[in-house]
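Shown next: start-v2.txt, given as compact mmCIF, C-alpha atoms.
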# COMPACT_ATOMS: atom_id res chain seq x y z
CA GLU A 1 -12.76 -12.81 -1.41
CA GLU A 2 -10.31 -14.61 0.93
CA VAL A 3 -8.02 -15.44 -2.00
CA GLU A 4 -8.19 -11.83 -3.10
CA VAL A 5 -7.09 -10.68 0.35
CA ARG A 6 -4.17 -13.14 0.36
CA VAL A 7 -3.05 -11.95 -3.07
CA LEU A 8 -3.22 -8.36 -1.85
CA THR A 9 -1.11 -9.29 1.19
CA LEU A 10 1.52 -10.81 -1.07
CA LEU A 11 1.39 -7.78 -3.37
CA ARG A 12 1.98 -5.54 -0.36
CA VAL A 13 5.16 -7.47 0.47
CA LEU A 14 6.35 -7.20 -3.13
CA LEU A 15 5.66 -3.46 -3.18
CA LYS A 16 7.94 -2.98 -0.20
CA ALA A 17 10.83 -4.41 -2.24
CA GLU A 18 13.03 -2.26 -4.43
CA GLY A 19 11.57 -2.27 -7.93
CA GLY A 20 8.16 -3.51 -6.81
CA ALA A 21 6.34 -0.39 -7.96
CA GLU A 22 7.99 -0.50 -11.38
CA ALA A 23 6.94 -4.13 -11.77
CA LEU A 24 3.39 -3.18 -10.80
CA ALA A 25 3.29 -0.49 -13.48
CA ALA A 26 4.71 -2.82 -16.12
CA ALA A 27 2.14 -5.50 -15.30
CA SER A 28 -0.88 -3.17 -15.38
CA GLY A 29 -1.22 -3.79 -11.66
CA VAL A 30 -2.53 -0.29 -10.99
CA ARG A 31 -5.62 -1.06 -13.09
CA ALA A 32 -6.20 -4.28 -11.11
CA LEU A 33 -5.81 -2.50 -7.76
CA LEU A 34 -8.24 0.22 -8.80
CA GLY A 35 -10.71 -2.45 -9.91
CA THR A 36 -10.54 -3.95 -6.43
CA VAL A 37 -11.02 -0.52 -4.87
CA LYS A 38 -14.00 0.17 -7.11
CA ALA A 39 -15.66 -3.13 -6.12
CA ARG A 40 -15.53 -2.03 -2.45
CA LYS A 41 -15.73 -5.54 -1.03
CA ALA A 42 -15.79 -5.80 2.76
CA LYS A 43 -12.53 -7.69 3.24
CA SER A 44 -10.45 -6.54 0.25
CA LEU A 45 -10.98 -2.75 0.11
CA THR A 46 -8.59 -1.86 2.92
CA PRO A 47 -5.74 -4.17 1.76
CA ALA A 48 -6.16 -2.89 -1.82
CA LEU A 49 -5.92 0.72 -0.65
CA ASP A 50 -2.90 -0.14 1.50
CA ALA A 51 -1.17 -1.72 -1.52
CA LEU A 52 -2.08 1.30 -3.68
CA LYS A 53 -0.66 3.60 -0.98
CA LEU A 54 2.61 1.62 -1.02
CA ALA A 55 2.73 1.70 -4.83
CA VAL A 56 2.27 5.45 -5.18
CA GLY A 57 4.46 6.07 -2.14
CA HIS A 58 7.50 5.01 -4.16
CA LYS A 59 6.75 8.04 -6.35
CA VAL A 60 7.48 6.12 -9.53
CA GLY A 61 6.21 8.29 -12.37
CA ALA A 62 4.67 5.44 -14.36
CA VAL A 63 2.68 4.18 -11.37
CA ASN A 64 1.41 7.59 -10.34
CA ARG A 65 0.57 8.62 -13.92
CA ALA A 66 -1.32 5.36 -14.42
CA ALA A 67 -3.28 5.89 -11.20
CA ILE A 68 -4.18 9.45 -12.16
CA ASP A 69 -5.03 8.57 -15.77
CA LEU A 70 -7.23 5.67 -14.62
CA GLY A 71 -9.28 7.98 -12.42
CA ALA A 72 -7.94 7.03 -8.99
CA VAL A 73 -8.52 10.49 -7.53
CA GLN A 74 -12.17 10.65 -8.56
CA GLN A 75 -12.73 7.07 -7.46
CA LEU A 76 -11.18 7.69 -4.04
CA LEU A 77 -13.13 10.92 -3.57
CA GLU A 78 -16.37 9.05 -4.36
CA MET A 79 -15.41 6.46 -1.77
CA LEU A 80 -14.71 9.15 0.84
CA GLU A 81 -18.08 10.79 0.04
CA GLN A 82 -19.86 7.58 1.02
CA GLY A 83 -18.79 8.06 4.64
CA ALA A 84 -21.12 6.00 6.83
CA GLY A 85 -22.23 4.04 3.77
CA LEU A 86 -18.95 2.13 4.07
CA SER A 87 -19.65 0.79 7.56
CA TYR A 88 -19.69 -2.79 6.19
CA ILE A 89 -15.99 -2.53 5.24
CA ASP A 90 -13.46 -4.28 7.49
CA ASP A 91 -11.41 -1.53 9.16
CA VAL A 92 -13.16 1.31 7.35
CA THR A 93 -11.10 3.89 9.24
CA ALA A 94 -7.88 2.46 7.80
CA ALA A 95 -9.47 2.44 4.32
CA ARG A 96 -10.26 6.15 4.63
CA VAL A 97 -6.74 6.93 5.89
CA HIS A 98 -5.15 5.01 3.00
CA ALA A 99 -7.41 6.75 0.46
CA ILE A 100 -6.48 10.19 1.80
CA GLU A 101 -2.77 9.33 1.79
CA VAL A 102 -2.97 8.10 -1.82
CA ILE A 103 -4.70 11.31 -2.91
CA LYS A 104 -2.12 13.47 -1.11
CA THR A 105 0.73 11.58 -2.76
CA LEU A 106 -0.82 11.85 -6.22
CA ALA A 107 -1.28 15.60 -5.71
CA GLU A 108 2.51 15.85 -5.22
CA ASP A 109 3.28 14.14 -8.55
CA PRO A 110 5.63 16.41 -10.55
CA ASP A 111 3.96 15.64 -13.90
CA LYS A 112 0.24 15.46 -13.07
CA GLY A 113 -0.03 16.85 -9.56
CA HIS A 114 -1.45 20.15 -10.81
CA GLN A 115 -4.24 18.26 -12.61
CA VAL A 116 -5.03 16.45 -9.34
CA SER A 117 -4.97 19.71 -7.35
CA VAL A 118 -7.55 21.27 -9.69
CA VAL A 119 -9.93 18.35 -9.05
CA LEU A 120 -9.32 18.51 -5.30
CA GLU A 121 -9.93 22.26 -5.02
CA SER A 122 -13.46 21.81 -6.35
CA SER A 123 -14.28 18.88 -4.05
CA PRO A 124 -16.18 19.65 -0.82
CA THR A 125 -15.30 16.16 0.40
CA TRP A 126 -11.60 16.86 -0.02
CA GLN A 127 -11.91 20.19 1.78
CA SER A 128 -13.07 18.29 4.86
CA CYS A 129 -10.30 15.64 4.56
CA LYS A 130 -7.18 17.45 3.37
CA GLY A 131 -6.05 18.79 6.73
CA GLN A 132 -6.29 15.47 8.52
CA ARG A 133 -3.02 14.06 9.88
CA HIS A 134 -2.51 10.32 9.98
CA ASP A 135 1.09 10.01 11.12
CA LEU A 136 0.03 8.42 14.41
CA PHE A 137 -2.81 6.32 12.99
CA ILE A 138 -2.91 2.68 14.13
CA SER A 139 -5.26 0.31 12.34
CA ARG A 140 -7.68 -1.61 14.55
CA GLY A 141 -7.47 -4.61 12.22
CA PRO A 142 -5.00 -7.45 12.56
CA GLN A 143 -1.47 -6.65 11.53
CA VAL A 144 -0.28 -9.36 9.19
CA GLU A 145 3.23 -9.41 7.84
CA LEU A 146 4.22 -12.03 5.33
CA ARG A 147 7.88 -12.96 5.30
CA ILE A 148 9.39 -14.87 2.43
CA ALA A 149 12.84 -16.37 2.90
CA ASP A 150 14.94 -19.10 1.38
CA ALA A 151 15.35 -22.27 3.37
CA PRO A 152 18.75 -22.32 5.07
CA ASP A 153 21.39 -24.17 3.13
CA PRO A 154 23.40 -26.44 5.46
CA GLN A 155 26.47 -26.41 3.20
CA PRO A 156 27.51 -22.75 3.73
CA ALA A 157 27.12 -23.16 7.51
CA ALA A 158 29.37 -26.22 7.48
CA ALA A 159 31.91 -24.44 5.29
CA ALA A 160 31.83 -21.38 7.58
CA ALA A 161 32.32 -23.57 10.67
CA ALA A 162 35.29 -25.30 9.03
CA SER A 163 36.85 -21.94 8.16
CA GLY A 164 36.47 -20.60 11.71
CA VAL A 165 33.91 -17.94 10.75
CA GLY A 166 30.26 -18.10 11.76
CA PRO A 167 28.39 -19.62 14.66
CA GLU A 168 30.02 -22.15 16.92
CA PRO A 169 28.06 -25.36 16.19
CA GLY A 170 25.49 -25.97 18.93
CA SER A 171 26.47 -22.90 20.98
CA GLY A 172 24.52 -20.09 19.38
CA ILE A 173 27.69 -17.98 19.75
CA ALA A 174 29.37 -16.53 16.73
CA ARG A 175 33.12 -16.77 16.39
CA SER A 176 35.52 -15.25 13.93
CA VAL A 177 39.14 -15.58 13.01
CA LEU A 178 41.26 -12.44 12.97
As structure tokens, please, write out the structure in this file.
Amino acid sequence: EEVEVRVLTLLRVLLKAEGGAEALAAASGVRALLGTVKARKAKSLTPALDALKLAVGHKVGAVNRAAIDLGAVQQLLEMLEQGAGLSYIDDVTAARVHAIEVIKTLAEDPDKGHQVSVVLESSPTWQSCKGQRHDLFISRGPQVELRIADAPDPQPAAAAAASGVGPEPGSGIARSVL
């Protein structure tokens, strides 16, 4: 499960990038995320829901249609119905918040949002969740941010220093030539 959590953390970083959601749709990533959500493992449920929230948040039609067609709404409603039965989940409150946000976003989908709304209107669980606001929600779990960057190339810095543009070597002060 630790490897699964690390993969989900990396996926979350990729989903923040431009084009990440499209790549997820093209790679059948929505199906994999929903499989992780369905398994409801203690450590991976919340990161999987967070990644799904990021994916549908881009409002890419292919991602949202795939989530709806694969039964995400029903699956998330079933999870919300479990309530206290999810107490074994790491940061269960964040998992619930992410699930509600995903459902709200899918309900706004221009192509299939009406289909989602019909399901939601008949759900007593949704009636108790739909008015909740989460704009000030802070997860109690650890906040992990993965940053990926290229190693600095010493050649451009040397070339910049020779041209008079860039940081003054050893000073930490930038200089420029006008």
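Among the candidates A:Ala72, A:Ala21, A:Leu77, A:Ala107, the residue lying nearest to Thr36 (chain A) is A:Ala72 (atoms considered: only C-alpha atoms).
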Quiz item: So what do you get for CA of Arg40 (chain A) versus CA of Tyr88 (chain A), distance-wise?
Solution: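 CA of Arg40 (chain A) sits 9.6 Å away from CA of Tyr88 (chain A).
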Quiz prompt | Long-range neighbours of Gln75 (chain A) as a PyMOL selection string, 12 Å cut-off, all atoms listed in the file, 5 positions minimum in chain | solution = chain A and resi 33-40+49+67-70+80-82+99-100+102-103+119
Keeping C-alpha atoms, export the residues of the selection given above as a compact mmCIF listing (two decimals), keeping the file's coordinate frame.
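Output file selection-v3.txt is given in full below:
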# COMPACT_ATOMS: atom_id res chain seq x y z
CA LEU A 33 -5.81 -2.50 -7.76
CA LEU A 34 -8.24 0.22 -8.80
CA GLY A 35 -10.71 -2.45 -9.91
CA THR A 36 -10.54 -3.95 -6.43
CA VAL A 37 -11.02 -0.52 -4.87
CA LYS A 38 -14.00 0.17 -7.11
CA ALA A 39 -15.66 -3.13 -6.12
CA ARG A 40 -15.53 -2.03 -2.45
CA LEU A 49 -5.92 0.72 -0.65
CA ALA A 67 -3.28 5.89 -11.20
CA ILE A 68 -4.18 9.45 -12.16
CA ASP A 69 -5.03 8.57 -15.77
CA LEU A 70 -7.23 5.67 -14.62
CA LEU A 80 -14.71 9.15 0.84
CA GLU A 81 -18.08 10.79 0.04
CA GLN A 82 -19.86 7.58 1.02
CA ALA A 99 -7.41 6.75 0.46
CA ILE A 100 -6.48 10.19 1.80
CA VAL A 102 -2.97 8.10 -1.82
CA ILE A 103 -4.70 11.31 -2.91
CA VAL A 119 -9.93 18.35 -9.05
Quiz prompt | Val56 (chain A) surroundings by all atoms listed in the file, 9 Å radius, close-in-sequence under 3 positions cut, as a list of chain:residue names | solution = A:Ala21, A:Ala51, A:Leu52, A:Lys53, A:Lys59, A:Val60, A:Gly61, A:Val63, A:Asn64, A:Ala67, A:Val102, A:Thr105, A:Leu106
Practice problem: Just give me the gap between CA of Gly29 (chain A) and CA of Glu121 (chain A) in Å, one decimal is fine. | Solution: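 Taking CA of Gly29 (chain A) as the start and CA of Glu121 (chain A) as the end point, the length is 28.3 Å.
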Exercise. Could you check how far CA of Leu14 (chain A) sits from CA of Asp111 (chain A), in Å to one decimal?
Key: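 About the pair CA of Leu14 (chain A) and CA of Asp111 (chain A): they are 25.4 Å apart.
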Quiz item: Near Leu15 (chain A), counting all atoms listed in the file, which residues have an atom at most 7 Å away, once you skip same-chain residues fewer than 4 positions from it, shown as a list in words?
Solution: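 Listing them by chain and then by number gives Leu11, Gly20, Ala21, Leu54 and Ala55 of chain A.
Restricting the calculation to all atoms listed in the file, the smallest distance between Val92 (chain A) and any of A:Asp50, A:Glu4, A:Glu108, A:Glu22 is found for A:Asp50.
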